[in-house]
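Engineer: Sharing coords02.cif here; it has mmCIF, C-alpha atoms and all ligand atoms.
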data_my_file
#
loop_
_atom_site.label_atom_id
_atom_site.label_comp_id
_atom_site.auth_asym_id
_atom_site.auth_seq_id
_atom_site.Cartn_x
_atom_site.Cartn_y
_atom_site.Cartn_z
CA MET A 111 21.13 4.08 0.39
CA VAL A 112 21.71 2.17 3.61
CA ALA A 113 24.91 0.17 3.69
CA ALA A 114 24.37 -3.54 4.19
CA ALA A 115 25.62 -4.86 7.50
CA GLN A 116 28.63 -7.13 7.17
CA ASP A 117 27.13 -10.00 9.12
CA GLY A 118 23.82 -11.71 8.75
CA VAL A 119 23.20 -10.54 5.18
CA ASN A 120 21.58 -13.79 4.23
CA THR A 121 19.96 -14.61 7.50
CA CYS A 122 18.38 -11.28 8.42
CA GLU A 123 19.27 -11.95 12.04
CA TYR A 124 18.63 -9.09 14.42
CA HIS A 125 21.80 -7.69 15.95
CA PRO A 126 20.59 -4.68 17.94
CA LYS A 127 24.12 -3.32 18.35
CA THR A 128 24.84 -3.18 14.63
CA VAL A 129 21.42 -1.92 13.59
CA SER A 130 21.23 1.84 13.32
CA VAL A 131 18.97 2.75 10.46
CA ASP A 132 17.01 5.94 10.94
CA LEU A 133 13.52 5.28 9.64
CA ARG A 134 12.77 9.01 9.77
CA GLU A 135 15.50 9.70 7.24
CA SER A 136 14.31 10.93 3.85
CA TRP A 137 15.40 9.35 0.57
CA ARG A 138 14.68 9.91 -3.09
CA ILE A 139 13.35 8.15 -6.12
CA ARG A 140 14.85 10.41 -8.78
CA ASP A 141 13.50 13.85 -7.83
CA VAL A 142 10.67 12.56 -5.65
CA GLU A 143 11.57 13.01 -2.01
CA ILE A 144 10.21 10.35 0.33
CA PRO A 145 10.22 11.68 3.89
CA THR A 146 10.54 8.35 5.74
CA ARG A 147 11.84 4.87 4.96
CA LEU A 148 8.41 3.35 5.42
CA VAL A 149 6.08 2.66 2.51
CA LEU A 150 2.43 1.66 2.83
CA ALA A 151 1.74 -1.32 0.57
CA PRO A 152 -0.74 -1.36 -2.29
CA MET A 153 -3.56 -3.72 -1.32
CA ALA A 154 -6.55 -4.46 -3.53
CA GLY A 155 -9.78 -3.95 -1.60
CA VAL A 156 -7.94 -2.03 1.13
CA SER A 157 -5.84 0.88 -0.19
CA VAL A 158 -8.61 3.42 -0.65
CA GLN A 159 -7.82 7.10 -0.30
CA ALA A 160 -8.82 7.09 3.39
CA PHE A 161 -6.29 4.31 4.05
CA ARG A 162 -3.54 6.15 2.21
CA ARG A 163 -4.18 9.52 3.87
CA GLN A 164 -4.23 7.83 7.25
CA GLY A 165 -0.98 6.04 6.38
CA ARG A 166 0.69 9.36 5.61
CA ARG A 167 -0.54 10.83 8.91
CA PHE A 168 0.95 7.91 10.85
CA GLY A 169 4.38 8.12 9.24
CA ALA A 170 4.40 6.31 5.90
CA GLY A 171 6.70 8.28 3.60
CA LEU A 172 5.09 6.90 0.46
CA VAL A 173 1.62 5.46 -0.09
CA CYS A 174 0.29 3.41 -3.00
CA SER A 175 -3.05 2.91 -4.63
CA GLU A 176 -4.30 -0.60 -5.13
CA MET A 177 -3.68 -2.03 -8.59
CA VAL A 178 -5.76 -0.36 -11.27
CA SER A 179 -6.61 -2.20 -14.47
CA CYS A 180 -5.15 -0.55 -17.55
CA ALA A 181 -7.97 -2.10 -19.61
CA GLY A 182 -10.44 -0.39 -17.26
CA ILE A 183 -8.65 2.91 -17.78
CA GLU A 184 -8.55 2.38 -21.55
CA HIS A 185 -12.31 1.75 -21.65
CA ARG A 186 -12.97 4.63 -19.26
CA ASN A 187 -14.71 2.25 -16.87
CA GLU A 188 -16.23 4.55 -14.25
CA ARG A 189 -15.33 2.48 -11.23
CA THR A 190 -11.74 2.13 -12.45
CA LEU A 191 -11.44 5.86 -13.02
CA GLY A 192 -12.68 6.38 -9.46
CA TYR A 193 -9.38 4.85 -8.29
CA LEU A 194 -7.56 7.80 -9.81
CA ARG A 195 -8.86 10.33 -7.31
CA VAL A 196 -5.90 11.90 -5.56
CA ALA A 197 -6.16 14.11 -2.46
CA GLY A 198 -3.70 16.88 -1.70
CA ASP A 199 -2.42 15.28 1.52
CA GLU A 200 -1.54 11.92 0.00
CA HIS A 201 1.67 12.94 -1.69
CA PRO A 202 4.01 11.35 -2.40
CA LEU A 203 1.69 8.76 -3.91
CA ALA A 204 2.27 5.89 -6.33
CA ILE A 205 -0.64 4.73 -8.44
CA GLN A 206 -0.24 1.13 -9.52
CA ILE A 207 -1.40 -0.20 -12.86
CA PHE A 208 -1.56 -3.72 -14.25
CA GLY A 209 -1.89 -5.05 -17.78
CA SER A 210 0.02 -6.96 -20.40
CA GLU A 211 0.10 -4.63 -23.43
CA PRO A 212 2.90 -2.05 -23.55
CA ARG A 213 0.88 0.47 -25.57
CA ALA A 214 -2.20 0.27 -23.33
CA MET A 215 -0.03 0.45 -20.21
CA ALA A 216 1.67 3.57 -21.57
CA GLU A 217 -1.70 5.22 -22.23
CA ALA A 218 -2.91 4.29 -18.75
CA ALA A 219 0.30 5.69 -17.26
CA LYS A 220 -0.36 9.06 -18.92
CA LEU A 221 -3.75 9.29 -17.25
CA VAL A 222 -2.27 8.22 -13.92
CA GLU A 223 0.30 10.99 -14.21
CA ALA A 224 -2.40 13.52 -15.13
CA ALA A 225 -4.38 12.38 -12.07
CA GLY A 226 -1.53 13.64 -9.90
CA ALA A 227 0.48 10.52 -9.07
CA ASP A 228 4.11 11.14 -8.12
CA LEU A 229 5.10 7.69 -9.36
CA VAL A 230 3.59 5.19 -11.75
CA ASP A 231 3.96 1.72 -10.27
CA VAL A 232 3.77 -1.33 -12.50
CA ASN A 233 2.45 -4.59 -11.06
CA PHE A 234 4.51 -7.69 -11.84
CA GLY A 235 3.57 -9.41 -8.61
CA CYS A 236 -0.13 -10.20 -8.53
CA PRO A 237 -0.52 -13.99 -8.18
CA VAL A 238 -4.32 -14.05 -8.52
CA ARG A 239 -5.60 -16.15 -11.42
CA LYS A 240 -8.08 -13.53 -12.62
CA VAL A 241 -5.07 -11.29 -13.34
CA THR A 242 -2.40 -13.82 -14.36
CA LYS A 243 -4.64 -15.50 -16.92
CA THR A 244 -4.72 -12.23 -18.85
CA GLY A 245 -0.91 -12.28 -19.07
CA ALA A 246 -0.55 -9.56 -16.42
CA GLY A 247 0.82 -9.50 -12.87
CA ALA A 248 3.37 -12.09 -11.77
CA THR A 249 3.26 -14.06 -15.05
CA LEU A 250 5.25 -11.27 -16.65
CA LEU A 251 8.27 -12.36 -14.62
CA ASP A 252 8.45 -15.39 -16.91
CA GLU A 253 8.18 -13.14 -19.96
CA PRO A 254 11.08 -10.75 -19.40
CA ALA A 255 11.07 -9.31 -22.93
CA ARG A 256 7.41 -8.28 -22.60
CA ALA A 257 7.95 -7.06 -19.05
CA CYS A 258 10.82 -4.84 -20.25
CA ALA A 259 8.77 -3.60 -23.20
CA ILE A 260 6.02 -2.54 -20.77
CA VAL A 261 8.44 -0.68 -18.50
CA GLU A 262 10.10 0.98 -21.46
CA ALA A 263 6.77 2.09 -22.93
CA VAL A 264 5.52 3.39 -19.60
CA ALA A 265 8.78 5.17 -18.77
CA SER A 266 8.83 6.97 -22.09
CA ALA A 267 5.16 7.98 -21.79
CA VAL A 268 5.48 9.85 -18.49
CA ASP A 269 7.82 12.31 -16.78
CA VAL A 270 7.32 10.93 -13.28
CA PRO A 271 9.51 8.02 -12.15
CA VAL A 272 8.29 4.50 -12.88
CA SER A 273 8.52 1.81 -10.22
CA VAL A 274 7.98 -1.93 -10.50
CA LYS A 275 6.64 -4.22 -7.80
CA MET A 276 7.40 -7.90 -8.18
CA ARG A 277 7.54 -11.28 -6.51
CA ARG A 278 10.60 -13.55 -6.48
CA GLY A 279 9.18 -15.53 -9.41
CA LEU A 280 6.32 -17.82 -10.25
CA ARG A 281 7.27 -21.07 -8.59
CA ASP A 282 8.61 -21.92 -5.15
CA GLY A 283 12.34 -21.39 -4.92
CA ALA A 284 12.40 -19.23 -8.09
CA ARG A 285 15.13 -16.58 -8.35
CA THR A 286 13.65 -14.93 -11.41
CA CYS A 287 13.56 -11.50 -9.78
CA LEU A 288 17.37 -11.45 -9.79
CA GLU A 289 17.50 -11.97 -13.56
CA VAL A 290 14.59 -9.74 -14.45
CA GLY A 291 15.19 -6.94 -11.92
CA PRO A 292 18.37 -5.50 -13.50
CA ARG A 293 16.76 -5.69 -16.96
CA LEU A 294 13.75 -3.72 -15.72
CA VAL A 295 16.09 -1.05 -14.40
CA GLU A 296 17.79 -0.89 -17.78
CA ALA A 297 14.34 -0.54 -19.34
CA GLY A 298 13.65 2.52 -17.18
CA ALA A 299 12.47 1.45 -13.71
CA ALA A 300 13.59 4.05 -11.17
CA THR A 301 12.96 1.76 -8.22
CA LEU A 302 12.04 -1.87 -7.57
CA THR A 303 9.88 -3.28 -4.80
CA LEU A 304 10.47 -6.95 -4.04
CA HIS A 305 8.03 -9.18 -2.19
CA PRO A 306 10.27 -12.25 -2.02
CA ARG A 307 7.59 -14.93 -2.05
CA SER A 308 6.73 -16.86 -5.18
CA ALA A 309 3.37 -16.39 -6.85
CA GLN A 310 2.70 -20.06 -6.05
CA GLN A 311 3.20 -19.30 -2.35
CA MET A 312 0.54 -16.59 -2.38
CA TYR A 313 0.87 -15.41 1.24
CA THR A 314 2.05 -18.67 2.88
CA GLY A 315 5.50 -19.33 4.28
CA THR A 316 7.83 -16.40 4.80
CA ALA A 317 9.29 -13.63 2.67
CA ASP A 318 12.93 -14.53 1.99
CA HIS A 319 14.74 -11.22 2.31
CA ALA A 320 18.08 -12.85 1.50
CA LEU A 321 16.84 -12.35 -2.08
CA THR A 322 16.23 -8.70 -1.32
CA SER A 323 19.89 -8.22 -0.40
CA GLU A 324 20.96 -10.01 -3.56
CA LEU A 325 18.74 -7.75 -5.64
CA VAL A 326 20.13 -4.66 -3.88
CA SER A 327 23.64 -5.72 -4.85
CA LEU A 328 22.63 -6.11 -8.49
CA VAL A 329 20.93 -2.78 -9.19
CA ASP A 330 21.83 0.87 -8.73
CA VAL A 331 18.31 2.08 -7.94
CA PRO A 332 16.62 2.06 -4.52
CA VAL A 333 14.96 -1.23 -3.59
CA ILE A 334 11.90 -1.41 -1.34
CA ALA A 335 11.58 -4.56 0.80
CA SER A 336 8.05 -5.94 1.13
CA GLY A 337 6.86 -8.90 3.16
CA ASP A 338 6.40 -9.73 6.83
CA ILE A 339 7.44 -6.32 8.18
CA THR A 340 5.38 -6.36 11.35
CA SER A 341 7.50 -4.51 13.91
CA ARG A 342 10.17 -1.85 14.26
CA ALA A 343 12.76 -4.55 15.06
CA LYS A 344 11.93 -6.42 11.84
CA ALA A 345 12.01 -3.19 9.82
CA GLN A 346 15.40 -2.22 11.24
CA THR A 347 16.80 -5.70 10.63
CA VAL A 348 15.61 -5.90 7.05
CA LEU A 349 16.90 -2.41 6.26
CA ALA A 350 20.27 -3.03 7.87
CA THR A 351 20.84 -6.53 6.51
CA THR A 352 19.58 -6.04 2.97
CA GLY A 353 20.63 -2.48 2.16
CA ALA A 354 17.09 -1.76 0.98
CA ALA A 355 16.19 1.93 0.88
CA ALA A 356 12.83 1.39 2.57
CA VAL A 357 10.49 -1.22 3.96
CA MET A 358 6.89 -1.69 2.92
CA VAL A 359 4.11 -2.64 5.33
CA GLY A 360 0.93 -4.32 4.14
CA ARG A 361 -1.18 -6.66 6.24
CA GLY A 362 0.31 -5.36 9.48
CA ALA A 363 -1.32 -1.98 8.85
CA GLN A 364 -4.81 -3.34 8.24
CA GLY A 365 -6.93 -1.74 10.98
CA ASN A 366 -3.69 -0.86 12.71
CA PRO A 367 -2.17 2.45 11.59
CA TRP A 368 -0.45 2.58 14.99
CA ILE A 369 2.05 0.01 13.72
CA LEU A 370 3.36 2.65 11.31
CA ARG A 371 4.04 5.04 14.20
CA GLU A 372 5.72 2.23 16.11
CA ILE A 373 7.95 1.35 13.17
CA VAL A 374 8.93 4.90 12.27
CA ASP A 375 9.22 6.47 15.73
CA GLY A 376 9.52 3.53 18.10
CA ASP A 377 6.29 4.67 19.77
CA GLY A 378 4.86 1.27 20.67
CA ARG A 379 2.09 2.60 22.90
CA ASP A 380 -1.17 0.70 22.38
CA PRO A 381 -4.00 2.99 21.28
CA THR A 382 -6.80 3.56 23.76
CA ARG A 383 -10.31 2.38 22.86
CA GLU A 384 -11.24 6.03 22.31
CA GLU A 385 -8.38 6.47 19.84
CA VAL A 386 -9.37 3.28 18.00
CA VAL A 387 -12.99 4.39 17.70
CA ALA A 388 -12.04 7.92 16.61
CA GLU A 389 -9.78 6.59 13.84
CA LEU A 390 -12.33 4.01 12.72
CA VAL A 391 -15.19 6.52 12.59
CA LEU A 392 -13.03 8.97 10.64
CA PHE A 393 -12.10 6.13 8.29
CA ILE A 394 -15.78 5.24 7.84
CA ARG A 395 -16.75 8.84 7.06
CA GLU A 396 -13.90 9.29 4.60
CA THR A 397 -14.68 6.01 2.85
CA VAL A 398 -18.37 6.86 2.54
CA ARG A 399 -17.36 10.19 1.01
CA GLU A 400 -15.11 8.33 -1.43
CA LEU A 401 -17.21 5.31 -2.39
CA GLY A 402 -20.75 6.37 -1.53
CA GLU A 403 -22.79 4.75 1.25
CA ARG A 404 -23.82 1.59 -0.62
CA ARG A 405 -20.35 0.45 -1.68
CA ALA A 406 -18.70 1.69 1.49
CA SER A 407 -20.99 -0.20 3.84
CA SER A 408 -19.98 -3.59 2.44
CA PHE A 409 -16.35 -2.57 1.78
CA LEU A 410 -15.93 -1.49 5.40
CA LYS A 411 -17.11 -4.69 7.09
CA LYS A 412 -13.69 -6.37 7.06
CA PHE A 413 -12.18 -3.27 8.67
CA TYR A 414 -14.39 -3.61 11.76
CA GLY A 415 -12.73 -6.89 12.71
CA TRP A 416 -9.29 -5.50 11.89
CA TYR A 417 -9.75 -2.38 14.06
CA LEU A 418 -11.61 -3.94 16.94
CA GLY A 419 -9.39 -7.03 17.17
CA HIS A 420 -5.94 -7.01 18.82
CA GLY A 421 -7.83 -7.51 22.13
CA ARG A 422 -9.22 -3.98 21.88
CA PHE A 423 -12.92 -4.89 22.06
CA PRO A 424 -14.77 -8.13 22.85
CA ARG A 425 -15.34 -10.24 19.74
CA PRO A 426 -19.21 -10.15 19.84
CA PHE A 427 -19.05 -6.36 19.38
CA LYS A 428 -17.68 -6.78 15.86
CA GLN A 429 -20.47 -9.29 15.08
CA GLU A 430 -22.99 -6.64 16.10
CA LEU A 431 -21.48 -4.12 13.69
CA VAL A 432 -21.18 -6.28 10.59
CA VAL A 433 -24.89 -7.05 10.48
CA LEU A 434 -25.95 -3.41 10.54
CA ASP A 435 -27.26 -1.93 7.29
CA SER A 436 -25.96 1.60 7.46
CA THR A 437 -22.62 3.12 8.41
CA GLU A 438 -24.52 5.67 10.50
CA GLN A 439 -25.75 2.89 12.75
CA VAL A 440 -22.20 1.53 12.97
CA GLU A 441 -20.89 4.96 13.98
CA TRP A 442 -23.60 5.29 16.59
CA LEU A 443 -22.72 1.97 18.23
CA LEU A 444 -19.00 2.68 18.13
CA ILE A 445 -19.40 6.04 19.82
CA ALA A 446 -21.80 4.59 22.38
CA ALA A 447 -19.06 2.05 23.24
CA ALA A 448 -16.43 4.78 23.69
CA PRO A 449 -18.05 8.22 24.10
CA GLY A 450 -14.67 9.78 24.84
CA ALA A 451 -13.84 9.22 21.16
CA LEU A 452 -16.00 12.18 20.11
CA PRO A 453 -13.64 15.02 21.10
CA LEU A 454 -10.74 13.07 19.54
CA LEU A 455 -12.72 12.67 16.34
CA GLU A 456 -13.50 16.39 16.24
CA LEU A 457 -9.82 17.13 16.68
CA LEU A 458 -8.86 14.72 13.88
CA GLU A 459 -11.43 16.21 11.53
CA ALA A 460 -10.33 19.75 12.35
CA GLU A 461 -6.71 18.86 11.60
CA LEU A 462 -7.44 17.23 8.24
CA PRO A 463 -6.46 19.52 5.40
CA GLY A 464 -9.29 20.64 3.14
CA SER A 465 -9.97 18.49 0.13
CA ASP A 466 -7.95 19.75 -2.83
CA GLU A 467 -8.31 16.78 -5.09
CA VAL A 468 -6.98 16.87 -8.61
CA LEU A 469 -10.09 16.67 -10.74
CA LEU A 470 -9.60 15.14 -14.15
CA ASP A 471 -12.05 15.54 -16.94
CA LEU A 472 -13.87 12.38 -15.88
CA PRO A 473 -17.54 11.41 -15.70
CA ILE A 474 -19.27 13.31 -12.89
CA SER A 475 -20.41 10.13 -11.14
CA VAL A 476 -16.77 9.14 -10.56
CA TYR A 477 -16.66 12.03 -8.12
CA GLY A 478 -20.09 11.18 -6.78
CA GLY A 479 -19.08 10.13 -3.29
CA GLY A 480 -17.02 13.25 -2.80
C1 LIG B 501 -5.48 -8.05 0.55
C2 LIG B 501 -4.21 -7.81 -0.20
C3 LIG B 501 -4.25 -7.16 -1.42
C4 LIG B 501 -3.07 -6.92 -2.12
N1 LIG B 501 -3.13 -6.21 -3.30
C5 LIG B 501 -1.98 -5.87 -3.94
C6 LIG B 501 -2.02 -5.03 -5.08
O1 LIG B 501 -3.06 -4.54 -5.52
N2 LIG B 501 -0.83 -4.74 -5.69
C7 LIG B 501 0.37 -5.24 -5.22
O2 LIG B 501 1.42 -4.96 -5.79
N3 LIG B 501 0.42 -6.02 -4.13
C8 LIG B 501 -0.71 -6.33 -3.46
N4 LIG B 501 -0.65 -7.07 -2.32
C9 LIG B 501 0.67 -7.48 -1.78
C10 LIG B 501 1.18 -6.46 -0.74
O3 LIG B 501 1.42 -5.20 -1.36
C11 LIG B 501 2.48 -6.95 -0.06
O4 LIG B 501 3.51 -7.04 -1.01
C12 LIG B 501 2.28 -8.30 0.62
O5 LIG B 501 1.07 -8.34 1.34
C13 LIG B 501 3.44 -8.63 1.55
O6 LIG B 501 3.56 -7.67 2.56
P1 LIG B 501 2.98 -7.88 4.07
O7 LIG B 501 3.58 -9.14 4.62
O8 LIG B 501 3.44 -6.63 4.78
O9 LIG B 501 1.50 -7.98 3.97
C14 LIG B 501 -1.82 -7.36 -1.61
C15 LIG B 501 -1.79 -8.03 -0.39
C16 LIG B 501 -2.95 -8.25 0.32
C17 LIG B 501 -2.88 -8.95 1.65
#
Is it possible to express this structure as structure tokens?
Ligand SMILES: Cc1cc2nc3c(=O)[nH]c(=O)nc-3n(C[C@H](O)[C@H](O)[C@H](O)COP(=O)(O)O)c2cc1C
Structural biologist:
Amino acid sequence: MVAAAQDGVNTCEYHPKTVSVDLRESWRIRDVEIPTRLVLAPMAGVSVQAFRRQGRRFGAGLVCSEMVSCAGIEHRNERTLGYLRVAGDEHPLAIQIFGSEPRAMAEAAKLVEAAGADLVDVNFGCPVRKVTKTGAGATLLDEPARACAIVEAVASAVDVPVSVKMRRGLRDGARTCLEVGPRLVEAGAATLTLHPRSAQQMYTGTADHALTSELVSLVDVPVIASGDITSRAKAQTVLATTGAAAVMVGRGAQGNPWILREIVDGDGRDPTREEVVAELVLFIRETVRELGERRASSFLKKFYGWYLGHGRFPRPFKQELVVLDSTEQVEWLLIAAAPGALPLLELLEAELPGSDEVLLDLPISVYGGG
């Protein structure tokens, strides 16, 4: 693990001279080797397979699925099971589950392991009412006995390491993560990810990584720091000042895989329009393959703004795309706007490894888009 810098532990100030963390260094969660110190965050409605594979290509050492409902897994809900499709080039991959019943979570974890996940991640961070009202997500931080029972049940159900992702606590100023974190490790968590905002904060204010350093000092497992990592400088500072084993990037990577390359390698070159279009078209094709045209065409709309923003294309261009009915039409317009993207796209497609997904004994339609 990275040694905490002597100064600035609580302030996360950036001292370029004292910061020397190699983001390309590999690290381990038990016997799972993670090739870089950058983790791509789980994001509901975002972290599809195409997003995760792209994240790995751009330098994320570990990628995560969005949270998957353990009730959905238990009832063999087809859409839920679709989240358990794992491609060969995603590894190492964490699949995240949420729920409030230890037994059901353990059963779900078994299926997640069989699907090919390298880690089972347990969600104790989701602040959304739809989840918390069922007793799952962040509410479990205020029920440490149940939270520990879940981790214990999951850890004894699977051979792969179990990780937990959590917030600082439920209410503003809470320090619950510091009490619960060590107990979760005792219960079997092989790593903890901390997003040091309260559930009440949702995504407002800032992530207080002083809590991350406190957590690091309390546990003997690697800690992943999540929240507001939007540049290489911020990543270096958080790693050096907290002693976290890795940083996690979420919103910063939406429509912007180039940020991962910048963080890991210091390659801050802006992508050309052709590169942006090639990546977006590949992403569209992969997502259609995964979700089928109907679901993909509405799912993808938010990505158009994310990719084409950052001053890359004039704003009205995105408006033109989001009203189109089919992804084929979207592709056509994108390529017309940057024809030089075509050879890049061909190159990207040629370099993609063949699909060697783990196929579980699941309903055929789950694999429909593939
Ligand atoms: C749209 C969206 C969906 C998210 N979904 C999940 C999720 O399914 N599971 C989870 O643990 N965290 C989820 N998060 C939280 C992120 O993983 C991350 O901890 C948070 O966004 C802070 O990191 P950032 O500042 O890099 O975005 C989500 C965040 C966003 C913005």
Engineer: Find the residue from A:Pro152, A:Gly298, A:Gly209, A:Gly450 that sits nearest to Lys240 of chain A; use only C-alpha atoms when measuring.
Structural biologist: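 Nearest candidate to Lys240 of chain A out of A:Pro152, A:Gly298, A:Gly209, A:Gly450: A:Gly209.
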Engineer: Please write as an MDAnalysis selection string the list of polymer residues whose atoms come within 10 Å of (-5.3, 15.2, 8.9), counting all atoms listed in the file and keeping to the coordinates of the file.
Structural biologist: chainID A and resid 163:164 166:168 199 457:464
Engineer: Would you kindly return, as a list in words, each protein, DNA or RNA residue with an atom no farther than 10 Å from any atom of Leu328 of chain A, considering all atoms listed in the file and excluding same-chain residues fewer than 2 positions away?
Structural biologist: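 Non-adjacent residues within range: Leu288, Glu289, Gly291, Pro292, Thr322, Ser323, Glu324, Leu325, Val326, Asp330 and Val331 of chain A.
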Engineer: With C-alpha atoms kept, could you save the residues just selected as a PDB file, keeping the file's coordinate frame?
Structural biologist:
ATOM      1  CA  LEU A 288      17.370 -11.450  -9.790  1.00  0.00           C
ATOM      2  CA  GLU A 289      17.500 -11.970 -13.560  1.00  0.00           C
ATOM      3  CA  GLY A 291      15.190  -6.940 -11.920  1.00  0.00           C
ATOM      4  CA  PRO A 292      18.370  -5.500 -13.500  1.00  0.00           C
ATOM      5  CA  THR A 322      16.230  -8.700  -1.320  1.00  0.00           C
ATOM      6  CA  SER A 323      19.890  -8.220  -0.400  1.00  0.00           C
ATOM      7  CA  GLU A 324      20.960 -10.010  -3.560  1.00  0.00           C
ATOM      8  CA  LEU A 325      18.740  -7.750  -5.640  1.00  0.00           C
ATOM      9  CA  VAL A 326      20.130  -4.660  -3.880  1.00  0.00           C
ATOM     10  CA  ASP A 330      21.830   0.870  -8.730  1.00  0.00           C
ATOM     11  CA  VAL A 331      18.310   2.080  -7.940  1.00  0.00           C
TER      12      VAL A 331
END
Engineer: Check which residues fall inside 10 Å of ligand LIG 501 (chain B) when counting all atoms listed in the file, and print them as a ChimeraX atom specification.
Structural biologist: /A:149-157,174-179,205-208,231-238,247-248,274-277,303-307,312-314,316-317,335-340,357-364
Engineer: Include C-alpha atoms and write out the residues we just selected as a PDB file, in the frame of the given file.
Structural biologist:
ATOM      1  CA  VAL A 149       6.080   2.660   2.510  1.00  0.00           C
ATOM      2  CA  LEU A 150       2.430   1.660   2.830  1.00  0.00           C
ATOM      3  CA  ALA A 151       1.740  -1.320   0.570  1.00  0.00           C
ATOM      4  CA  PRO A 152      -0.740  -1.360  -2.290  1.00  0.00           C
ATOM      5  CA  MET A 153      -3.560  -3.720  -1.320  1.00  0.00           C
ATOM      6  CA  ALA A 154      -6.550  -4.460  -3.530  1.00  0.00           C
ATOM      7  CA  GLY A 155      -9.780  -3.950  -1.600  1.00  0.00           C
ATOM      8  CA  VAL A 156      -7.940  -2.030   1.130  1.00  0.00           C
ATOM      9  CA  SER A 157      -5.840   0.880  -0.190  1.00  0.00           C
ATOM     10  CA  CYS A 174       0.290   3.410  -3.000  1.00  0.00           C
ATOM     11  CA  SER A 175      -3.050   2.910  -4.630  1.00  0.00           C
ATOM     12  CA  GLU A 176      -4.300  -0.600  -5.130  1.00  0.00           C
ATOM     13  CA  MET A 177      -3.680  -2.030  -8.590  1.00  0.00           C
ATOM     14  CA  VAL A 178      -5.760  -0.360 -11.270  1.00  0.00           C
ATOM     15  CA  SER A 179      -6.610  -2.200 -14.470  1.00  0.00           C
ATOM     16  CA  ILE A 205      -0.640   4.730  -8.440  1.00  0.00           C
ATOM     17  CA  GLN A 206      -0.240   1.130  -9.520  1.00  0.00           C
ATOM     18  CA  ILE A 207      -1.400  -0.200 -12.860  1.00  0.00           C
ATOM     19  CA  PHE A 208      -1.560  -3.720 -14.250  1.00  0.00           C
ATOM     20  CA  ASP A 231       3.960   1.720 -10.270  1.00  0.00           C
ATOM     21  CA  VAL A 232       3.770  -1.330 -12.500  1.00  0.00           C
ATOM     22  CA  ASN A 233       2.450  -4.590 -11.060  1.00  0.00           C
ATOM     23  CA  PHE A 234       4.510  -7.690 -11.840  1.00  0.00           C
ATOM     24  CA  GLY A 235       3.570  -9.410  -8.610  1.00  0.00           C
ATOM     25  CA  CYS A 236      -0.130 -10.200  -8.530  1.00  0.00           C
ATOM     26  CA  PRO A 237      -0.520 -13.990  -8.180  1.00  0.00           C
ATOM     27  CA  VAL A 238      -4.320 -14.050  -8.520  1.00  0.00           C
ATOM     28  CA  GLY A 247       0.820  -9.500 -12.870  1.00  0.00           C
ATOM     29  CA  ALA A 248       3.370 -12.090 -11.770  1.00  0.00           C
ATOM     30  CA  VAL A 274       7.980  -1.930 -10.500  1.00  0.00           C
ATOM     31  CA  LYS A 275       6.640  -4.220  -7.800  1.00  0.00           C
ATOM     32  CA  MET A 276       7.400  -7.900  -8.180  1.00  0.00           C
ATOM     33  CA  ARG A 277       7.540 -11.280  -6.510  1.00  0.00           C
ATOM     34  CA  THR A 303       9.880  -3.280  -4.800  1.00  0.00           C
ATOM     35  CA  LEU A 304      10.470  -6.950  -4.040  1.00  0.00           C
ATOM     36  CA  HIS A 305       8.030  -9.180  -2.190  1.00  0.00           C
ATOM     37  CA  PRO A 306      10.270 -12.250  -2.020  1.00  0.00           C
ATOM     38  CA  ARG A 307       7.590 -14.930  -2.050  1.00  0.00           C
ATOM     39  CA  MET A 312       0.540 -16.590  -2.380  1.00  0.00           C
ATOM     40  CA  TYR A 313       0.870 -15.410   1.240  1.00  0.00           C
ATOM     41  CA  THR A 314       2.050 -18.670   2.880  1.00  0.00           C
ATOM     42  CA  THR A 316       7.830 -16.400   4.800  1.00  0.00           C
ATOM     43  CA  ALA A 317       9.290 -13.630   2.670  1.00  0.00           C
ATOM     44  CA  ALA A 335      11.580  -4.560   0.800  1.00  0.00           C
ATOM     45  CA  SER A 336       8.050  -5.940   1.130  1.00  0.00           C
ATOM     46  CA  GLY A 337       6.860  -8.900   3.160  1.00  0.00           C
ATOM     47  CA  ASP A 338       6.400  -9.730   6.830  1.00  0.00           C
ATOM     48  CA  ILE A 339       7.440  -6.320   8.180  1.00  0.00           C
ATOM     49  CA  THR A 340       5.380  -6.360  11.350  1.00  0.00           C
ATOM     50  CA  VAL A 357      10.490  -1.220   3.960  1.00  0.00           C
ATOM     51  CA  MET A 358       6.890  -1.690   2.920  1.00  0.00           C
ATOM     52  CA  VAL A 359       4.110  -2.640   5.330  1.00  0.00           C
ATOM     53  CA  GLY A 360       0.930  -4.320   4.140  1.00  0.00           C
ATOM     54  CA  ARG A 361      -1.180  -6.660   6.240  1.00  0.00           C
ATOM     55  CA  GLY A 362       0.310  -5.360   9.480  1.00  0.00           C
ATOM     56  CA  ALA A 363      -1.320  -1.980   8.850  1.00  0.00           C
ATOM     57  CA  GLN A 364      -4.810  -3.340   8.240  1.00  0.00           C
TER      58      GLN A 364
END
Engineer: Write out as number ranges by chain each polymer residue whose atoms come within 10 Å of Ile183 of chain A, counting only C-alpha atoms; drop sequence neighbours fewer than 3 positions from it.
Structural biologist: A: 178-180, 186-194, 207, 214-215, 217-219, 221-222
Engineer: Leaving out Asp132 of chain A and any residue of its chain fewer than 5 positions from it, which residues lie within 10 Å of it when counting only C-alpha atoms, given as a VMD selection string?
Structural biologist: chain A and resid 112 146 to 147 346 349 374 to 375
Engineer: Find the residue from A:Gly419, A:Ala204, A:Ala356, A:Val440 that sits nearest to Glu135 of chain A; use all atoms listed in the file when measuring.
Structural biologist: A:Ala356
Engineer: The residues within 9 Å of (6.0, -16.5, -14.0), using all atoms listed in the file and the coordinates of the file, should be reported as JSON, numbers by chain; which are they?
Structural biologist: {"A": [242, 247, 248, 249, 250, 251, 252, 253, 279, 280, 281, 286, 308, 309]}
